[in-house]
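**Student:** final_33.cif is reproduced below (mmCIF, C-alpha atoms).
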```
data_input
loop_
_atom_site.label_atom_id
_atom_site.label_comp_id
_atom_site.auth_asym_id
_atom_site.auth_seq_id
_atom_site.Cartn_x
_atom_site.Cartn_y
_atom_site.Cartn_z
CA MET A 1 7.96 56.81 -21.35
CA SER A 2 9.37 60.15 -22.50
CA GLU A 3 9.30 63.19 -20.26
CA PRO A 4 6.34 65.49 -21.07
CA ARG A 5 7.21 68.79 -22.71
CA TRP A 6 6.69 71.22 -19.87
CA ILE A 7 5.33 74.60 -20.93
CA TRP A 8 5.32 76.09 -17.42
CA ARG A 9 6.91 75.32 -14.10
CA CYS A 10 7.41 76.97 -10.75
CA ASP A 11 9.28 76.08 -7.58
CA HIS A 12 8.58 77.58 -4.19
CA THR A 13 9.78 77.09 -0.67
CA ILE A 14 7.18 78.28 1.80
CA PRO A 15 7.07 78.62 5.59
CA SER A 16 4.97 76.28 7.74
CA GLN A 17 2.19 78.68 8.57
CA ALA A 18 -1.50 78.80 7.72
CA GLY A 19 -2.18 80.54 4.43
CA ALA A 20 1.44 80.32 3.24
CA GLY A 21 0.39 78.40 0.13
CA ARG A 22 -1.76 81.22 -1.19
CA GLN A 23 0.74 82.47 -3.78
CA VAL A 24 1.44 78.98 -5.15
CA ARG A 25 -2.28 78.31 -5.37
CA GLN A 26 -2.92 81.54 -7.26
CA GLU A 27 -0.07 80.85 -9.69
CA VAL A 28 -1.23 77.32 -10.47
CA LEU A 29 -4.89 78.28 -10.86
CA GLY A 30 -3.91 81.27 -12.99
CA GLN A 31 -1.93 79.06 -15.37
CA LEU A 32 -4.75 76.52 -15.66
CA GLN A 33 -7.22 79.27 -16.51
CA ARG A 34 -4.82 80.89 -18.96
CA HIS A 35 -4.49 77.57 -20.80
CA HIS A 36 -8.26 76.98 -20.75
CA TRP A 37 -8.40 73.84 -18.63
CA VAL A 38 -12.04 72.86 -17.96
CA ASP A 39 -13.62 73.97 -14.70
CA HIS A 40 -13.82 70.47 -13.22
CA ASP A 41 -10.10 69.89 -13.78
CA ILE A 42 -9.32 73.24 -12.16
CA PHE A 43 -11.56 72.39 -9.19
CA SER A 44 -9.87 68.98 -8.84
CA ILE A 45 -6.33 70.35 -8.92
CA HIS A 46 -7.27 73.21 -6.60
CA LEU A 47 -8.75 70.79 -4.06
CA ALA A 48 -5.83 68.35 -4.18
CA LEU A 49 -3.26 71.16 -3.95
CA GLU A 50 -5.05 72.68 -0.98
CA GLU A 51 -5.32 69.37 0.87
CA ALA A 52 -1.68 68.49 0.21
CA LEU A 53 -0.46 71.92 1.34
CA VAL A 54 -2.47 71.73 4.57
CA ASN A 55 -1.17 68.20 5.20
CA ALA A 56 2.44 69.34 4.70
CA ILE A 57 2.20 72.57 6.70
CA LYS A 58 -0.02 71.41 9.54
CA HIS A 59 0.39 67.66 9.89
CA GLY A 60 3.85 67.20 8.33
CA ASN A 61 5.74 70.18 9.71
CA GLY A 62 3.35 70.77 12.62
CA LEU A 63 3.22 74.54 11.90
CA ASP A 64 6.88 74.68 12.97
CA LEU A 65 8.30 77.89 11.46
CA ALA A 66 11.78 76.37 11.54
CA LYS A 67 10.61 73.87 8.91
CA GLN A 68 9.71 74.61 5.32
CA VAL A 69 7.57 73.11 2.59
CA ARG A 70 8.95 72.68 -0.92
CA VAL A 71 6.44 72.89 -3.76
CA SER A 72 7.29 72.09 -7.37
CA CYS A 73 4.68 72.46 -10.13
CA ARG A 74 4.94 71.53 -13.82
CA MET A 75 2.42 71.82 -16.62
CA SER A 76 2.41 70.46 -20.16
CA ASP A 77 -0.39 70.80 -22.72
CA ASP A 78 -2.29 67.91 -21.12
CA LEU A 79 -0.71 67.13 -17.75
CA VAL A 80 -0.12 68.81 -14.40
CA GLN A 81 2.34 67.45 -11.87
CA ILE A 82 2.72 68.88 -8.38
CA GLU A 83 5.23 67.65 -5.82
CA ILE A 84 4.96 68.79 -2.21
CA ALA A 85 7.58 67.85 0.37
CA ASP A 86 7.72 68.69 4.07
CA GLU A 87 10.41 68.19 6.71
CA GLY A 88 8.28 66.06 9.01
CA ASP A 89 8.70 62.42 9.95
CA GLY A 90 6.25 61.38 7.24
CA PHE A 91 3.32 59.00 7.55
CA ASP A 92 2.10 55.72 6.12
CA PRO A 93 -0.76 56.60 3.74
CA THR A 94 -2.01 53.01 3.84
CA ARG A 95 -2.69 53.34 7.58
CA VAL A 96 -4.83 56.48 7.46
CA PRO A 97 -8.22 55.71 9.03
CA ASP A 98 -11.10 55.31 6.58
CA PRO A 99 -13.11 58.55 6.97
CA THR A 100 -16.23 56.87 5.57
CA ASP A 101 -16.23 54.50 8.54
CA ASN A 102 -18.55 55.98 11.20
CA ARG A 103 -16.00 55.24 13.93
CA HIS A 104 -13.48 57.58 12.27
CA ARG A 105 -15.87 60.24 11.04
CA GLU A 106 -14.59 62.89 13.44
CA CYS A 107 -10.95 62.08 12.84
CA PRO A 108 -9.37 65.12 11.11
CA ASN A 109 -7.04 62.99 9.01
CA GLY A 110 -7.95 60.82 6.09
CA ARG A 111 -10.64 62.80 4.32
CA GLY A 112 -8.09 65.02 2.56
CA VAL A 113 -6.06 62.04 1.31
CA MET A 114 -9.25 60.38 0.09
CA LEU A 115 -10.26 63.51 -1.85
CA MET A 116 -6.81 63.81 -3.42
CA ARG A 117 -6.99 60.21 -4.61
CA SER A 118 -10.51 60.70 -5.99
CA PHE A 119 -9.92 63.94 -7.85
CA MET A 120 -6.42 63.29 -9.20
CA ASP A 121 -5.20 60.60 -11.61
CA ARG A 122 -2.09 59.77 -9.61
CA VAL A 123 -1.20 60.30 -5.94
CA GLU A 124 2.07 58.79 -4.80
CA TYR A 125 4.07 59.18 -1.60
CA ASN A 126 7.77 58.59 -1.15
CA GLU A 127 8.87 55.81 1.17
CA ARG A 128 9.19 58.10 4.20
CA GLY A 129 5.74 59.59 3.55
CA ASN A 130 6.78 63.24 3.66
CA CYS A 131 6.59 63.95 -0.08
CA VAL A 132 3.56 63.54 -2.31
CA LEU A 133 3.35 63.59 -6.09
CA LEU A 134 0.00 64.66 -7.54
CA GLU A 135 -0.79 64.23 -11.21
CA LYS A 136 -3.81 65.24 -13.28
CA ARG A 137 -4.40 64.57 -16.98
CA ARG A 138 -6.37 67.18 -18.85
CA THR A 139 -9.95 66.18 -19.64
CA LYS A 140 -10.36 65.90 -23.39
CA THR A 141 -12.94 68.22 -24.87
CA GLU A 142 -14.48 68.17 -28.36
CA MET B 1 -28.60 88.31 17.84
CA ALA B 2 -24.85 87.84 17.83
CA GLU B 3 -22.67 89.31 15.08
CA TYR B 4 -21.21 86.90 12.56
CA ARG B 5 -18.33 87.50 10.18
CA ARG B 6 -18.50 84.33 8.10
CA LEU B 7 -22.27 83.78 8.13
CA ASP B 8 -25.52 85.53 7.27
CA VAL B 9 -28.17 84.38 9.71
CA THR B 10 -31.91 84.87 9.16
CA GLU B 11 -35.03 83.28 10.53
CA VAL B 12 -37.82 81.72 8.48
CA GLY B 13 -40.53 80.65 10.92
CA ASP B 14 -38.80 78.53 13.53
CA VAL B 15 -35.92 77.59 11.23
CA THR B 16 -32.62 79.45 11.25
CA VAL B 17 -31.32 79.86 7.70
CA VAL B 18 -27.54 80.20 7.57
CA ARG B 19 -25.80 81.41 4.41
CA PHE B 20 -22.04 81.27 4.03
CA ARG B 21 -20.43 84.57 3.08
CA ASP B 22 -17.26 83.04 1.66
CA GLN B 23 -17.15 81.72 -1.88
CA LYS B 24 -14.10 79.65 -1.02
CA ILE B 25 -13.99 78.03 2.40
CA LEU B 26 -10.34 77.07 2.60
CA ASP B 27 -8.28 79.49 4.64
CA ASP B 28 -7.43 77.77 7.91
CA LEU B 29 -8.09 80.79 10.11
CA ASN B 30 -11.42 81.44 8.39
CA ILE B 31 -12.40 77.80 8.85
CA GLN B 32 -11.60 77.99 12.57
CA GLU B 33 -13.74 81.12 12.84
CA LEU B 34 -16.51 79.47 10.83
CA GLY B 35 -16.48 76.52 13.19
CA ARG B 36 -16.76 78.80 16.22
CA GLU B 37 -19.67 80.70 14.68
CA LEU B 38 -21.55 77.52 13.75
CA SER B 39 -21.06 76.18 17.28
CA GLN B 40 -22.24 79.48 18.74
CA LEU B 41 -25.53 79.19 16.86
CA VAL B 42 -26.34 75.97 18.69
CA GLU B 43 -24.54 76.24 22.01
CA VAL B 44 -24.90 79.95 22.82
CA GLU B 45 -28.01 81.01 20.94
CA GLY B 46 -29.82 77.72 21.36
CA ARG B 47 -30.75 77.38 17.70
CA ALA B 48 -31.28 73.73 16.87
CA ARG B 49 -33.34 73.85 13.67
CA LEU B 50 -30.76 74.89 11.12
CA LEU B 51 -30.69 75.11 7.34
CA LEU B 52 -27.26 75.71 5.82
CA ASP B 53 -27.52 77.37 2.40
CA PHE B 54 -24.43 76.74 0.24
CA SER B 55 -25.50 78.86 -2.75
CA ALA B 56 -22.47 81.17 -2.46
CA VAL B 57 -19.96 78.38 -1.92
CA GLU B 58 -17.77 77.42 -4.88
CA PHE B 59 -15.07 75.59 -3.00
CA LEU B 60 -14.51 73.96 0.35
CA SER B 61 -11.77 71.78 1.79
CA SER B 62 -11.84 68.75 4.06
CA ALA B 63 -11.16 70.97 7.08
CA ALA B 64 -14.47 72.72 6.45
CA LEU B 65 -16.21 69.33 6.23
CA GLY B 66 -14.86 68.61 9.70
CA LYS B 67 -16.64 71.70 11.05
CA LEU B 68 -19.92 70.55 9.49
CA ILE B 69 -19.54 67.13 11.11
CA THR B 70 -18.96 68.80 14.48
CA LEU B 71 -22.03 70.99 13.94
CA ASP B 72 -24.14 67.93 13.10
CA LYS B 73 -23.07 66.32 16.35
CA LYS B 74 -23.98 69.43 18.36
CA VAL B 75 -27.38 69.74 16.66
CA LYS B 76 -28.15 66.08 17.37
CA ALA B 77 -27.07 66.53 21.00
CA ALA B 78 -29.54 69.43 21.23
CA ASP B 79 -32.25 67.19 19.74
CA GLY B 80 -32.43 69.49 16.74
CA THR B 81 -32.53 69.20 12.96
CA LEU B 82 -29.88 70.14 10.42
CA LYS B 83 -30.42 70.34 6.68
CA LEU B 84 -28.25 71.54 3.81
CA CYS B 85 -29.29 73.02 0.46
CA HIS B 86 -28.11 74.68 -2.76
CA ILE B 87 -24.94 72.62 -3.00
CA GLN B 88 -23.19 73.05 -6.35
CA PRO B 89 -22.38 69.84 -8.28
CA GLU B 90 -18.63 69.85 -7.64
CA ILE B 91 -19.15 70.47 -3.92
CA TYR B 92 -21.78 67.71 -3.86
CA GLU B 93 -19.16 65.41 -5.40
CA VAL B 94 -16.96 66.11 -2.37
CA PHE B 95 -19.84 65.14 -0.06
CA ALA B 96 -20.54 62.00 -2.12
CA ILE B 97 -16.91 60.79 -2.24
CA THR B 98 -16.60 61.15 1.53
CA ARG B 99 -20.12 59.68 1.93
CA LEU B 100 -21.21 62.70 3.93
CA ASN B 101 -24.23 62.88 1.62
CA ARG B 102 -25.51 60.00 3.76
CA LEU B 103 -24.87 61.80 7.04
CA PHE B 104 -26.46 65.10 6.01
CA ASP B 105 -29.99 65.68 4.76
CA ILE B 106 -29.26 67.57 1.53
CA LYS B 107 -32.06 69.27 -0.39
CA GLU B 108 -32.04 70.86 -3.82
CA ASN B 109 -33.16 74.33 -2.73
CA GLU B 110 -34.29 76.36 0.25
CA ALA B 111 -38.03 75.87 -0.38
CA ASP B 112 -37.67 72.07 -0.49
CA ALA B 113 -35.54 72.11 2.63
CA LEU B 114 -37.88 74.35 4.62
CA ALA B 115 -40.86 72.18 3.62
CA ALA B 116 -39.03 69.13 4.98
CA PHE B 117 -38.55 70.45 8.52
#
```
Could you render the structure as structure tokens?
**Tutor:**
Amino acid sequence: MSEPRWIWRCDHTIPSQAGAGRQVRQEVLGQLQRHHWVDHDIFSIHLALEEALVNAIKHGNGLDLAKQVRVSCRMSDDLVQIEIADEGDGFDPTRVPDPTDNRHRECPNGRGVMLMRSFMDRVEYNERGNCVLLEKRRTKTE
Amino acid sequence: MAEYRRLDVTEVGDVTVVRFRDQKILDDLNIQELGRELSQLVEVEGRARLLLDFSAVEFLSSAALGKLITLDKKVKAADGTLKLCHIQPEIYEVFAITRLNRLFDIKENEADALAAF
């Protein structure tokens, strides 16, 4: 499969502190709006980006200011790819407790991963589990 | 009545109606503050019949859902009642995917919710 023709991309390295992803978020949402992506796609990408950033900053790097989060975003006419990598030990996404199971309802982990998988078309982790690739195809409109 | 930064709190009969001030509930520090204020309603002020009105809310993250789950637990422990209303379709989708639409009693609007207490 050929590489999509990217019309926009940005790369950021951000500190592991709450709210550090604000600029990346604004840039991505601004580009989606500028290129007239539908509201539901923008909501989906916003949600997945937010969850992945929180996972990387809080759970991956443990809010350790000595560690950074690398964010790489690419957009073509009909595809958005976002890669977020932290410096943590990683985790096994297949072993995250099921948040819909009443026994795990109060567990803070799991719900974010579930939402990312539901709202995005592709969510893949590297083998170590400290880098996630998020992909969303643009909803076709008449 | 206590002062709230993230919430507007009013009383309708014996029900406390709580409206969120933030359109986007995602900033971690704001979510922590929101959680403290929701807990305060039940644990400090003794309000156990709560209606959460989401009409202003356009976005919320899983961390905010965690605060709602904690609130539900506190309300149940106080033998109270918690209802939610005015949830926009995309936010409702978040509740449905995580099956929290089964945990919470979600009504279309404030009138329907108040009538169901």
**Student:** Find the distance between atom CA of A:Gln17 and atom CA of A:Lys67 and write it in Å to one decimal.
**Tutor:** 9.7 Å
**Student:** Taking all atoms listed in the file into account, report as a list in words which residues of chain B lie within 7 Å of chain A.
**Tutor:**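 Listing them in order of chain and number gives Asp27, Asp28, Ser61, Ser62, Gly66, Ile69, Thr98 and Arg99 of chain B.
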**Student:** Quick one: everything within 12 Å of B:Glu58, counting only C-alpha atoms, minus sequence neighbours fewer than 4 positions away in the same chain. Send it as number ranges by chain.
**Tutor:** A: 39-40, 42-43, 46-47; B: 20-26, 54, 86-92, 94
**Student:** By how many Å are atom CA of A:Pro15 and atom CA of A:Gly88 apart?
**Tutor:**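 That distance, rounded to one decimal, is 13.1 Å.
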**Student:** List the residues matched by the PyMOL selection byres ((chain B and resi 48-53) around 9) in the displayed structure as a VMD selection string, ordered by chain and then by residue number.
**Tutor:** chain B and resid 14 to 20 41 to 43 45 to 47 54 to 57 74 to 76 78 to 87 109 to 110 113 to 114 117
**Student:** Please list as number ranges by chain every residue within 9 Å of stretch 69-81 of chain A, counting only C-alpha atoms and excluding residues in the same chain fewer than 4 positions away.
**Tutor:** A: 4-16, 24, 28, 31-32, 35, 37, 45, 53, 56-57, 61, 85-87, 133-140
**Student:** Check what the PyMOL selection byres ((chain A and resi 130) around 9) selects in the file above and give those residues as a list in words.
**Tutor:**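 With the shown file as input, the PyMOL selection byres ((chain A and resi 130) around 9) matches Ala56, Gly60, Ile84, Ala85, Asp86, Glu87, Gly88, Asp89, Gly90, Phe91, Tyr125, Asn126, Glu127, Arg128, Gly129, Cys131 and Val132 of chain A.
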**Student:** How about saving the chosen residues, C-alpha atoms kept, as a short mmCIF file (atom, residue, chain, number, x, y, z; two decimals), in the frame of the given file?
**Tutor:**
```cif
data_model
loop_
_atom_site.label_atom_id
_atom_site.label_comp_id
_atom_site.auth_asym_id
_atom_site.auth_seq_id
_atom_site.Cartn_x
_atom_site.Cartn_y
_atom_site.Cartn_z
CA ALA A 56 2.44 69.34 4.70
CA GLY A 60 3.85 67.20 8.33
CA ILE A 84 4.96 68.79 -2.21
CA ALA A 85 7.58 67.85 0.37
CA ASP A 86 7.72 68.69 4.07
CA GLU A 87 10.41 68.19 6.71
CA GLY A 88 8.28 66.06 9.01
CA ASP A 89 8.70 62.42 9.95
CA GLY A 90 6.25 61.38 7.24
CA PHE A 91 3.32 59.00 7.55
CA TYR A 125 4.07 59.18 -1.60
CA ASN A 126 7.77 58.59 -1.15
CA GLU A 127 8.87 55.81 1.17
CA ARG A 128 9.19 58.10 4.20
CA GLY A 129 5.74 59.59 3.55
CA CYS A 131 6.59 63.95 -0.08
CA VAL A 132 3.56 63.54 -2.31
#
```
